[in-house]
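Here's upload.txt, which has compact mmCIF, C-alpha atoms:
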# COMPACT_ATOMS: atom_id res chain seq x y z
CA MET U 1 -105.19 -153.33 -132.91
CA LEU U 2 -105.10 -151.44 -129.61
CA GLU U 3 -105.21 -154.59 -127.50
CA ASN U 4 -101.90 -155.70 -129.01
CA LEU U 5 -100.05 -152.53 -128.01
CA LYS U 6 -97.84 -152.73 -124.94
CA ILE U 7 -97.92 -149.46 -122.99
CA GLY U 8 -95.69 -148.51 -120.06
CA ILE U 9 -96.14 -145.85 -117.38
CA LEU U 10 -93.18 -144.62 -115.36
CA GLY U 11 -94.49 -143.84 -111.90
CA GLY U 12 -97.20 -145.65 -109.98
CA GLY U 13 -98.96 -142.88 -108.06
CA GLN U 14 -102.52 -141.63 -108.27
CA LEU U 15 -101.98 -140.01 -111.66
CA GLY U 16 -100.89 -143.36 -113.06
CA ALA U 17 -103.89 -145.04 -111.47
CA MET U 18 -106.23 -142.55 -113.13
CA LEU U 19 -104.48 -143.12 -116.47
CA LEU U 20 -105.12 -146.85 -116.03
CA ARG U 21 -108.82 -146.14 -115.61
CA TYR U 22 -108.97 -144.70 -119.12
CA ALA U 23 -106.56 -147.25 -120.57
CA ILE U 24 -109.19 -149.86 -119.69
CA ASP U 25 -111.71 -148.03 -121.89
CA PHE U 26 -109.30 -148.46 -124.83
CA GLY U 27 -108.60 -152.12 -124.04
CA LEU U 28 -104.90 -151.47 -123.52
CA ASN U 29 -102.22 -153.73 -122.08
CA VAL U 30 -100.46 -151.48 -119.55
CA SER U 31 -97.40 -152.05 -117.39
CA VAL U 32 -96.32 -149.72 -114.58
CA MET U 33 -92.99 -149.26 -112.82
CA ASP U 34 -92.50 -147.64 -109.42
CA LYS U 35 -89.99 -148.17 -106.62
CA ASP U 36 -92.81 -148.36 -104.04
CA ALA U 37 -94.37 -151.83 -103.99
CA SER U 38 -97.55 -150.39 -102.41
CA ALA U 39 -98.01 -147.50 -104.88
CA PRO U 40 -101.66 -146.95 -105.93
CA CYS U 41 -101.12 -148.51 -109.37
CA SER U 42 -99.96 -151.78 -107.84
CA ARG U 43 -103.54 -152.88 -107.18
CA HIS U 44 -104.84 -151.92 -110.64
CA THR U 45 -102.58 -153.79 -113.04
CA SER U 46 -101.25 -157.34 -113.17
CA SER U 47 -98.05 -155.99 -114.73
CA PHE U 48 -96.57 -153.89 -111.93
CA HIS U 49 -92.78 -153.74 -111.79
CA ILE U 50 -90.59 -152.67 -108.88
CA GLY U 51 -87.91 -150.31 -110.10
CA ASP U 52 -86.66 -146.74 -109.84
CA PRO U 53 -87.78 -144.46 -112.69
CA MET U 54 -84.56 -142.47 -112.10
CA ASN U 55 -82.33 -145.53 -112.57
CA PHE U 56 -81.02 -146.03 -116.13
CA ASN U 57 -80.94 -149.82 -116.05
CA ASP U 58 -84.34 -150.14 -114.39
CA VAL U 59 -86.00 -147.93 -117.00
CA VAL U 60 -84.36 -149.67 -119.97
CA ARG U 61 -85.19 -153.10 -118.56
CA PHE U 62 -88.81 -152.05 -118.03
CA GLY U 63 -89.32 -150.38 -121.40
CA LYS U 64 -87.30 -152.43 -123.91
CA ASP U 65 -90.18 -154.75 -124.87
CA LEU U 66 -92.89 -152.10 -124.86
CA ASP U 67 -94.35 -150.14 -127.78
CA ILE U 68 -95.00 -146.85 -125.96
CA VAL U 69 -93.70 -145.36 -122.71
CA THR U 70 -95.26 -142.37 -120.98
CA ILE U 71 -94.94 -140.77 -117.53
CA GLU U 72 -97.00 -139.69 -114.55
CA LYS U 73 -94.06 -137.87 -112.89
CA GLU U 74 -91.13 -135.80 -114.17
CA ALA U 75 -88.49 -137.55 -112.04
CA VAL U 76 -87.46 -140.10 -114.67
CA ASN U 77 -84.13 -140.97 -116.29
CA THR U 78 -84.07 -139.16 -119.63
CA SER U 79 -80.89 -140.91 -120.83
CA ALA U 80 -82.72 -144.22 -120.48
CA LEU U 81 -85.70 -142.81 -122.39
CA LYS U 82 -83.37 -141.79 -125.23
CA GLU U 83 -81.93 -145.31 -125.24
CA LEU U 84 -85.44 -146.76 -125.46
CA ARG U 85 -86.32 -144.39 -128.30
CA ASP U 86 -83.21 -145.53 -130.18
CA MET U 87 -84.47 -149.09 -129.70
CA GLY U 88 -87.75 -148.17 -131.43
CA VAL U 89 -89.93 -147.50 -128.39
CA LYS U 90 -92.14 -144.40 -128.69
CA VAL U 91 -91.61 -142.04 -125.74
CA TYR U 92 -94.12 -139.32 -124.74
CA PRO U 93 -93.35 -136.63 -123.76
CA SER U 94 -89.92 -136.58 -125.39
CA PRO U 95 -86.78 -136.86 -123.25
CA GLU U 96 -85.77 -133.41 -124.49
CA THR U 97 -89.01 -131.88 -123.25
CA LEU U 98 -88.49 -133.55 -119.87
CA GLU U 99 -84.91 -132.29 -119.59
CA ILE U 100 -86.16 -128.71 -119.92
CA ILE U 101 -88.82 -129.28 -117.27
CA GLN U 102 -86.76 -131.22 -114.72
CA ASN U 103 -84.58 -128.27 -113.70
CA LYS U 104 -86.51 -125.15 -112.70
CA PHE U 105 -83.68 -122.80 -113.68
CA VAL U 106 -83.25 -124.45 -117.09
CA GLN U 107 -87.03 -124.24 -117.49
CA LYS U 108 -87.01 -120.53 -116.64
CA GLN U 109 -84.14 -119.79 -119.03
CA PHE U 110 -85.87 -121.70 -121.84
CA LEU U 111 -89.09 -119.74 -121.39
CA MET U 112 -87.20 -116.42 -121.33
CA GLU U 113 -85.36 -117.34 -124.53
CA HIS U 114 -88.73 -117.83 -126.22
CA ASN U 115 -90.13 -114.52 -124.97
CA ILE U 116 -92.55 -116.15 -122.56
CA PRO U 117 -92.99 -113.98 -119.45
CA VAL U 118 -91.61 -115.37 -116.17
CA ALA U 119 -90.70 -113.85 -112.82
CA MET U 120 -87.04 -112.88 -112.51
CA GLY U 121 -84.93 -115.59 -110.88
CA TRP U 122 -81.31 -116.20 -109.91
CA LEU U 123 -79.46 -119.52 -109.75
CA VAL U 124 -77.80 -120.15 -106.37
CA MET U 125 -75.75 -123.29 -105.85
CA ASP U 126 -75.93 -123.57 -102.05
CA LYS U 127 -76.68 -121.72 -98.80
CA ALA U 128 -73.30 -119.97 -98.88
CA GLU U 129 -74.00 -118.42 -102.26
CA LEU U 130 -77.57 -117.63 -101.27
CA ALA U 131 -76.20 -115.46 -98.44
CA THR U 132 -74.79 -113.09 -101.08
CA TYR U 133 -78.29 -112.46 -102.45
CA THR U 134 -79.90 -110.93 -99.36
CA GLY U 135 -80.45 -107.74 -101.36
CA LYS U 136 -82.97 -109.69 -103.49
CA LEU U 137 -85.18 -110.56 -100.51
CA PRO U 138 -88.03 -111.11 -100.00
CA GLY U 139 -88.00 -113.97 -102.48
CA ILE U 140 -89.23 -117.48 -103.18
CA LEU U 141 -86.59 -120.20 -102.97
CA LYS U 142 -87.24 -123.26 -105.15
CA LYS U 143 -85.12 -126.37 -105.43
CA CYS U 144 -83.95 -126.74 -109.02
CA SER U 145 -84.90 -130.43 -109.00
CA ASN U 146 -87.19 -132.85 -107.18
CA GLY U 147 -89.65 -130.32 -105.79
CA TYR U 148 -93.33 -131.28 -105.91
CA ASP U 149 -96.60 -130.74 -104.01
CA GLY U 150 -95.16 -127.75 -102.18
CA LYS U 151 -91.99 -129.60 -101.15
CA GLY U 152 -88.84 -127.76 -102.13
CA VAL U 153 -90.39 -124.27 -101.94
CA LEU U 154 -89.69 -121.67 -99.24
CA MET U 155 -90.62 -118.06 -98.70
CA LEU U 156 -87.57 -116.06 -97.57
CA LYS U 157 -88.63 -112.72 -96.15
CA THR U 158 -85.41 -111.52 -94.52
CA ALA U 159 -81.80 -112.64 -94.02
CA GLU U 160 -82.91 -114.30 -90.78
CA ASP U 161 -84.79 -116.88 -92.86
CA LEU U 162 -81.61 -118.10 -94.60
CA SER U 163 -81.01 -120.67 -91.85
CA LYS U 164 -84.06 -122.59 -93.16
CA ALA U 165 -82.84 -122.54 -96.77
CA PHE U 166 -82.02 -125.62 -98.86
CA ASP U 167 -78.30 -126.31 -99.20
CA GLU U 168 -78.42 -127.36 -102.85
CA PRO U 169 -78.92 -125.73 -106.27
CA CYS U 170 -82.01 -123.52 -106.17
CA VAL U 171 -83.72 -120.67 -107.96
CA LEU U 172 -84.26 -117.53 -105.90
CA GLU U 173 -87.30 -115.96 -107.51
CA GLN U 174 -88.61 -112.46 -107.13
CA VAL U 175 -91.97 -112.13 -105.40
CA VAL U 176 -94.80 -111.28 -107.78
CA ASP U 177 -97.69 -109.15 -106.50
CA ILE U 178 -100.23 -111.86 -107.31
CA ASP U 179 -103.90 -111.21 -107.94
CA GLN U 180 -104.77 -114.72 -109.15
CA GLU U 181 -102.99 -118.04 -109.64
CA ILE U 182 -104.17 -119.81 -112.78
CA SER U 183 -103.57 -123.17 -114.41
CA VAL U 184 -104.28 -124.10 -118.00
CA ILE U 185 -104.22 -127.74 -119.14
CA VAL U 186 -103.12 -127.97 -122.74
CA SER U 187 -102.69 -131.01 -125.01
CA ARG U 188 -100.76 -131.29 -128.26
CA ASN U 189 -100.31 -134.22 -130.61
CA GLU U 190 -97.44 -135.12 -132.91
CA GLY U 191 -99.09 -133.24 -135.75
CA GLY U 192 -99.00 -130.02 -133.74
CA ILE U 193 -102.75 -129.84 -133.13
CA ILE U 194 -103.56 -128.24 -129.76
CA GLU U 195 -106.57 -128.51 -127.46
CA CYS U 196 -106.74 -126.07 -124.55
CA TYR U 197 -108.98 -126.51 -121.51
CA ASP U 198 -110.55 -123.50 -119.82
CA PRO U 199 -108.32 -121.85 -117.18
CA VAL U 200 -108.89 -122.77 -113.54
CA LEU U 201 -108.41 -120.54 -110.50
CA MET U 202 -106.09 -122.15 -107.95
CA MET U 203 -106.16 -121.48 -104.21
CA PHE U 204 -103.16 -122.64 -102.21
CA ASP U 205 -102.50 -123.70 -98.64
CA LYS U 206 -99.95 -120.99 -97.79
CA GLU U 207 -98.27 -123.09 -95.12
CA ARG U 208 -97.77 -126.23 -97.19
CA MET U 209 -97.46 -124.41 -100.56
CA LEU U 210 -99.90 -127.06 -101.79
CA LEU U 211 -102.97 -126.72 -104.00
CA ASP U 212 -105.96 -126.59 -101.64
CA PHE U 213 -108.81 -126.20 -104.11
CA GLN U 214 -109.55 -124.82 -107.57
CA ILE U 215 -112.51 -123.32 -109.36
CA CYS U 216 -113.55 -123.67 -113.00
CA PRO U 217 -114.37 -121.43 -114.75
CA ALA U 218 -111.70 -119.24 -113.21
CA GLY U 219 -113.78 -116.06 -113.36
CA LEU U 220 -111.27 -114.20 -115.56
CA ASP U 221 -112.36 -111.40 -117.84
CA GLU U 222 -112.49 -112.44 -121.49
CA GLU U 223 -109.29 -110.65 -122.48
CA THR U 224 -107.23 -112.24 -119.69
CA ALA U 225 -108.68 -115.70 -120.41
CA ILE U 226 -107.65 -115.38 -124.06
CA ARG U 227 -104.17 -114.23 -123.07
CA VAL U 228 -103.48 -117.09 -120.63
CA CYS U 229 -104.70 -119.67 -123.15
CA SER U 230 -102.52 -118.11 -125.85
CA ILE U 231 -99.49 -118.33 -123.57
CA ALA U 232 -100.25 -121.99 -122.75
CA LYS U 233 -100.52 -122.83 -126.46
CA LYS U 234 -97.25 -121.04 -127.21
CA VAL U 235 -95.47 -122.94 -124.44
CA ALA U 236 -96.78 -126.26 -125.83
CA GLU U 237 -95.44 -125.34 -129.26
CA VAL U 238 -91.97 -124.11 -128.30
CA ILE U 239 -91.35 -127.02 -125.94
CA ASP U 240 -92.50 -129.43 -128.69
CA LEU U 241 -95.01 -131.11 -126.41
CA THR U 242 -96.58 -134.44 -127.28
CA GLY U 243 -99.09 -135.20 -124.57
CA ILE U 244 -100.72 -133.23 -121.76
CA MET U 245 -99.20 -130.30 -119.86
CA ALA U 246 -100.23 -128.02 -117.02
CA VAL U 247 -99.08 -124.42 -117.44
CA GLU U 248 -99.29 -122.67 -114.08
CA MET U 249 -99.39 -118.87 -114.22
CA PHE U 250 -99.63 -115.77 -112.06
CA VAL U 251 -101.94 -112.91 -112.96
CA ALA U 252 -100.36 -109.91 -111.22
CA ASN U 253 -102.27 -107.00 -109.74
CA ASN U 254 -100.98 -104.82 -112.58
CA GLY U 255 -102.50 -107.21 -115.13
CA LYS U 256 -99.22 -108.80 -116.24
CA ILE U 257 -99.15 -112.58 -116.68
CA TYR U 258 -96.16 -114.72 -115.69
CA VAL U 259 -95.62 -118.42 -116.28
CA ASN U 260 -94.75 -120.03 -112.95
CA GLU U 261 -94.11 -123.72 -113.61
CA LEU U 262 -94.78 -126.43 -116.19
CA ALA U 263 -95.73 -130.08 -115.72
CA PRO U 264 -95.77 -132.18 -118.95
CA ARG U 265 -98.19 -134.81 -117.63
CA PRO U 266 -101.69 -135.04 -116.17
CA HIS U 267 -101.83 -132.63 -113.25
CA ASN U 268 -103.69 -132.00 -110.00
CA SER U 269 -105.19 -128.84 -111.51
CA GLY U 270 -106.81 -130.93 -114.26
CA HIS U 271 -108.65 -133.44 -112.06
CA HIS U 272 -111.95 -131.61 -112.53
CA THR U 273 -111.92 -132.63 -116.21
CA ILE U 274 -112.96 -136.17 -115.21
CA GLU U 275 -116.48 -135.01 -114.36
CA ALA U 276 -116.62 -131.50 -115.81
CA ALA U 277 -115.21 -131.81 -119.36
CA LYS U 278 -116.14 -133.69 -122.50
CA THR U 279 -112.73 -135.40 -122.42
CA SER U 280 -110.74 -135.83 -119.22
CA GLN U 281 -107.05 -134.93 -119.17
CA PHE U 282 -106.29 -138.64 -118.65
CA GLU U 283 -108.26 -139.81 -121.68
CA GLN U 284 -106.61 -137.01 -123.66
CA GLN U 285 -103.16 -138.28 -122.67
CA ILE U 286 -104.11 -141.80 -123.78
CA ARG U 287 -105.48 -140.52 -127.10
CA VAL U 288 -102.33 -138.51 -127.84
CA ILE U 289 -99.82 -141.28 -127.11
CA LEU U 290 -101.86 -143.72 -129.22
CA GLY U 291 -101.94 -141.29 -132.15
CA LEU U 292 -105.74 -141.09 -132.03
CA PRO U 293 -107.73 -137.88 -132.63
CA MET U 294 -107.86 -135.72 -129.53
CA GLY U 295 -111.15 -135.30 -127.72
CA SER U 296 -112.92 -132.02 -127.11
CA ALA U 297 -111.61 -129.96 -124.18
CA GLN U 298 -115.00 -128.26 -123.76
CA ILE U 299 -116.08 -127.76 -120.15
CA LEU U 300 -119.62 -129.05 -119.54
CA THR U 301 -120.33 -127.73 -116.05
CA PRO U 302 -118.84 -125.41 -113.43
CA SER U 303 -116.82 -127.25 -110.80
CA VAL U 304 -114.70 -126.99 -107.68
CA MET U 305 -111.95 -129.54 -107.01
CA MET U 306 -110.61 -129.99 -103.46
CA ASN U 307 -107.63 -132.03 -102.30
CA ILE U 308 -108.02 -134.34 -99.30
CA LEU U 309 -104.91 -134.50 -97.14
CA GLU U 310 -103.69 -137.25 -94.82
CA PRO U 311 -104.85 -136.46 -91.29
CA ALA U 312 -102.98 -137.19 -88.10
CA ALA U 313 -103.19 -140.91 -87.26
CA HIS U 314 -105.70 -140.40 -84.46
CA ARG U 315 -108.05 -138.46 -86.81
CA LYS U 316 -108.41 -141.02 -89.60
CA HIS U 317 -111.74 -142.33 -88.30
CA ALA U 318 -113.08 -138.78 -88.11
CA ILE U 319 -112.23 -137.96 -91.71
CA MET U 320 -114.00 -141.11 -92.94
CA GLU U 321 -117.11 -140.08 -91.02
CA ALA U 322 -116.86 -136.61 -92.58
CA LEU U 323 -116.65 -138.14 -96.06
CA LYS U 324 -119.84 -140.13 -95.41
CA THR U 325 -121.64 -136.89 -94.59
CA ILE U 326 -120.16 -135.11 -97.60
CA LEU U 327 -121.28 -137.86 -99.98
CA CYS U 328 -124.90 -137.30 -98.97
CA THR U 329 -124.77 -134.06 -101.00
CA ASN U 330 -125.70 -134.20 -104.69
CA ASP U 331 -123.04 -133.83 -107.39
CA ILE U 332 -120.13 -134.72 -105.11
CA HIS U 333 -117.54 -137.01 -106.69
CA LEU U 334 -114.96 -138.69 -104.42
CA HIS U 335 -111.62 -140.00 -105.68
CA TRP U 336 -109.74 -141.92 -102.98
CA TYR U 337 -106.23 -142.87 -104.06
CA GLY U 338 -105.74 -145.96 -101.91
CA LYS U 339 -102.31 -144.94 -100.65
CA ALA U 340 -100.76 -146.81 -97.77
CA GLY U 341 -100.64 -144.80 -94.55
CA GLY U 342 -98.10 -142.03 -94.70
CA THR U 343 -97.07 -138.56 -93.68
CA GLU U 344 -99.64 -136.14 -92.32
CA GLY U 345 -100.53 -133.57 -94.98
CA ARG U 346 -99.93 -135.84 -97.98
CA LYS U 347 -102.60 -135.91 -100.71
CA MET U 348 -104.84 -138.93 -100.14
CA GLY U 349 -107.67 -138.11 -102.53
CA HIS U 350 -109.77 -135.35 -104.00
CA ILE U 351 -113.38 -134.29 -104.27
CA THR U 352 -114.92 -132.67 -107.33
CA ILE U 353 -118.15 -130.70 -106.93
CA THR U 354 -120.19 -130.00 -110.04
CA ASP U 355 -123.19 -127.72 -110.38
CA LYS U 356 -125.04 -125.79 -113.07
CA LYS U 357 -124.08 -122.60 -111.26
CA ARG U 358 -120.51 -121.69 -110.32
CA GLU U 359 -121.69 -119.95 -107.15
CA GLU U 360 -123.55 -123.06 -105.98
CA ALA U 361 -120.48 -125.25 -106.51
CA ILE U 362 -118.42 -122.77 -104.47
CA SER U 363 -121.05 -122.72 -101.72
CA LYS U 364 -120.95 -126.53 -101.47
CA SER U 365 -117.16 -126.43 -101.36
CA ILE U 366 -117.22 -124.09 -98.35
CA MET U 367 -119.45 -126.54 -96.48
CA ILE U 368 -117.19 -129.46 -97.41
CA LYS U 369 -114.04 -127.57 -96.46
CA HIS U 370 -115.55 -126.89 -93.04
CA LEU U 371 -116.40 -130.57 -92.52
CA LEU U 372 -112.91 -131.67 -93.55
CA LYS U 373 -111.30 -129.05 -91.33
CA GLU U 374 -113.37 -130.19 -88.36
CA SER U 375 -112.29 -133.81 -88.97
CA HIS U 376 -108.62 -132.75 -88.79
CA ALA U 377 -109.08 -130.70 -85.60

Would you write the structure of this file as structure tokens?
Amino acid sequence: MLENLKIGILGGGQLGAMLLRYAIDFGLNVSVMDKDASAPCSRHTSSFHIGDPMNFNDVVRFGKDLDIVTIEKEAVNTSALKELRDMGVKVYPSPETLEIIQNKFVQKQFLMEHNIPVAMGWLVMDKAELATYTGKLPGILKKCSNGYDGKGVLMLKTAEDLSKAFDEPCVLEQVVDIDQEISVIVSRNEGGIIECYDPVLMMFDKERMLLDFQICPAGLDEETAIRVCSIAKKVAEVIDLTGIMAVEMFVANNGKIYVNELAPRPHNSGHHTIEAAKTSQFEQQIRVILGLPMGSAQILTPSVMMNILEPAAHRKHAIMEALKTILCTNDIHLHWYGKAGGTEGRKMGHITITDKKREEAISKSIMIKHLLKESHA
């Protein structure tokens, strides 16, 4: 029975906390490991373990008595996951899938080998080698590993920008003339069955390189929507996904589609599925790792999802007052992550706006964005 299964989540952030919410619906016994004792998951499970998901011994110690281990972040020790699998623990997604994802250059090479379109990119080992690539500028510099939420990404316009560059292995990526940035959440079970959510349109904070808000449906023409979903399904197949994955893509002004990055876990761009889809991405992840039938990915209502960022310390009272005003509006759904105070600009929560009409949801989002901006001023 489900209540007898022992499930483990590597990573204790907000994604893990939202997975726990749906694990409760299935009556599951869930343990979580994170190196931060005050991580959001710490308050939601009685089995919270302090440990580093990148440390071999910590991961093996955490997982050896569990039935299933899954993730809410890619920065995990894959050698330890292989050891656990050899011990009979089920691991989703597979360590091999994670190893492809963890290094952005390896990821790009893998996609190219499987004829999946990506922007051209060059591996540079450090700042000294990067200086030999000035003829490729302007370009986007991405750390090969450990980049997330806009961290580890830089726009390099001219050689003068090289002083700001990361001095570690990176991918220098050609700039794509982007018309739209799209994300598709796709799920695949061990039997190879795939469910694909409708594409969402992503709008980014250009300074922080961080998702600001997203709109679903994305407003793509039918042909483009079919193409991006087909690409997402192909990626799930060739990478042998078991679980949930976000496939982020660029739609260029010339109509070409490029895969940007992959995340084989629940993702910020799938938060709207909690209120707007028949099955949330988090429930879908739980269903897949338990070997249960997947739920429908059908979208029930148009939505806009907006991230809430940590304000400056002296503005925290103002943002709480803004949230009180925002919650007076119908069909506004607040998710506050309960993080301990931290760096200004860090994601602290999100708001999902649902409405029968896409235009009305967008209109509400503009009002909310203004209120949040005023609270940060």

Problem set entry | Residue with smallest distance to His44 of chain U - pool U:Leu292, U:Gly219, U:Cys144, U:Gly338, counting only C-alpha atoms | U:Gly338

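Take atom CA of Asp221 of chain U and atom CA of Phe282 of chain U: the distance between them is 27.9 Å.
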
Problem set entry | Nearby residues (only C-alpha atoms) at most 9 Å from Gly192 of chain U, same-chain spacing under 5 positions excluded, as a ChimeraX atom specification | /U:237,240-242

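Distances here use only C-alpha atoms; by that measure, the residue among U:Asp65, U:Asp126, U:Glu113, U:Asp36 closest to Val235 of chain U is U:Glu113.
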
Exercise. What lies within 7 Å of Ala39 of chain U using all atoms listed in the file, ignoring chain neighbours under 2 positions off, as JSON, numbers by chain?
Worked result: {"U": [12, 13, 36, 37, 41, 42, 339]}

For this session: Kindly give the distance, in Å, that separates atom CA of Ile366 of chain U and atom CA of His267 of chain U, rounded to a single decimal.
Result: 23.1 Å

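For the set U:Gly11, U:Met367, U:Asp179, U:Gln109, the residue with the smallest atom-to-atom gap to Ala322 of chain U is U:Met367, counting all atoms listed in the file.
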
Using 10 Å as the limit and counting all atoms listed in the file, can you tabulate each residue of segment 1-105 of chain U that touches segment 331-336 of chain U, with its shortest atom-to-atom distance in Å and the two atoms involved, as JSON lines?
{"residue": "U:Gln14", "atom": "CA", "partner": "U:Trp336", "partner_atom": "CA", "distance": 9.0}
{"residue": "U:Met18", "atom": "CA", "partner": "U:His335", "partner_atom": "CA", "distance": 9.5}
{"residue": "U:Pro40", "atom": "CA", "partner": "U:Trp336", "partner_atom": "CA", "distance": 10.0}

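Atom CA of Ile319 of chain U is found 11.4 Å from atom CA of Ile368 of chain U.
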
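When only C-alpha atoms are used to compute distances to Asn254 of chain U, the closest of the residues U:Glu275, U:Ile178, U:Thr97, U:Thr325 turns out to be U:Ile178.
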
Output as a Markdown table one row per residue of segment 229-285 of chain U within 12 Å of segment 67-79 of chain U: the closest atom pair and its distance in Å to one decimal place, counting only C-alpha atoms, sorted by chain and residue number ascending.
| residue | atom | partner | partner_atom | distance |
| --- | --- | --- | --- | --- |
| U:Thr242 | CA | U:Thr70 | CA | 10.2 |
| U:Gly243 | CA | U:Thr70 | CA | 8.9 |
| U:Ile244 | CA | U:Glu72 | CA | 10.4 |
| U:Met245 | CA | U:Glu72 | CA | 11.0 |
| U:Leu262 | CA | U:Glu74 | CA | 10.3 |
| U:Ala263 | CA | U:Glu74 | CA | 7.5 |
| U:Pro264 | CA | U:Glu74 | CA | 7.6 |
| U:Arg265 | CA | U:Glu72 | CA | 5.9 |
| U:Pro266 | CA | U:Glu72 | CA | 6.8 |
| U:His267 | CA | U:Glu72 | CA | 8.7 |
| U:Asn268 | CA | U:Glu72 | CA | 11.2 |
| U:Phe282 | CA | U:Glu72 | CA | 10.2 |
| U:Gln285 | CA | U:Thr70 | CA | 9.1 |

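You can rank U:Ile140, U:Val59, U:Ala236, U:Val89 by their closest distance to Leu156 of chain U using only C-alpha atoms, and at the top of that list sits U:Ile140.
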
Exercise. Which residues, written as a ChimeraX atom specification, have at least one atom at most 10 Å from Gly27 of chain U, with all atoms listed in the file counted and residues fewer than 4 positions away on the same chain left out?
Worked result: /U:1-5,22-23

Problem set entry | Nearest to Leu141 of chain U, chosen from U:Ser163, U:Ser183, U:Gln174, U:Thr279, with only C-alpha atoms counted in the distances | U:Gln174

For this session: Counting only C-alpha atoms, select every polymer residue within 12 Å of (-74.8, -120.5, -100.0) as defined in the file's coordinates, and provide the selection as a list in words.
Result: Leu123, Val124, Met125, Asp126, Lys127, Ala128, Glu129, Leu130, Ala131, Thr132, Tyr133, Thr134, Leu162, Ser163, Lys164, Ala165, Phe166, Asp167, Glu168, Pro169, Cys170, Val171 and Leu172 of chain U

Can you sort out the box for segment 123-136 of chain U, edges along x, y and z, all listed atoms in, 4 Å on every side, with centre and edge lengths in Å to one decimal, as lines of an AutoDock Vina configuration file?
center_x = -78.1
center_y = -115.7
center_z = -104.1
size_x = 17.7
size_y = 23.8
size_z = 19.3
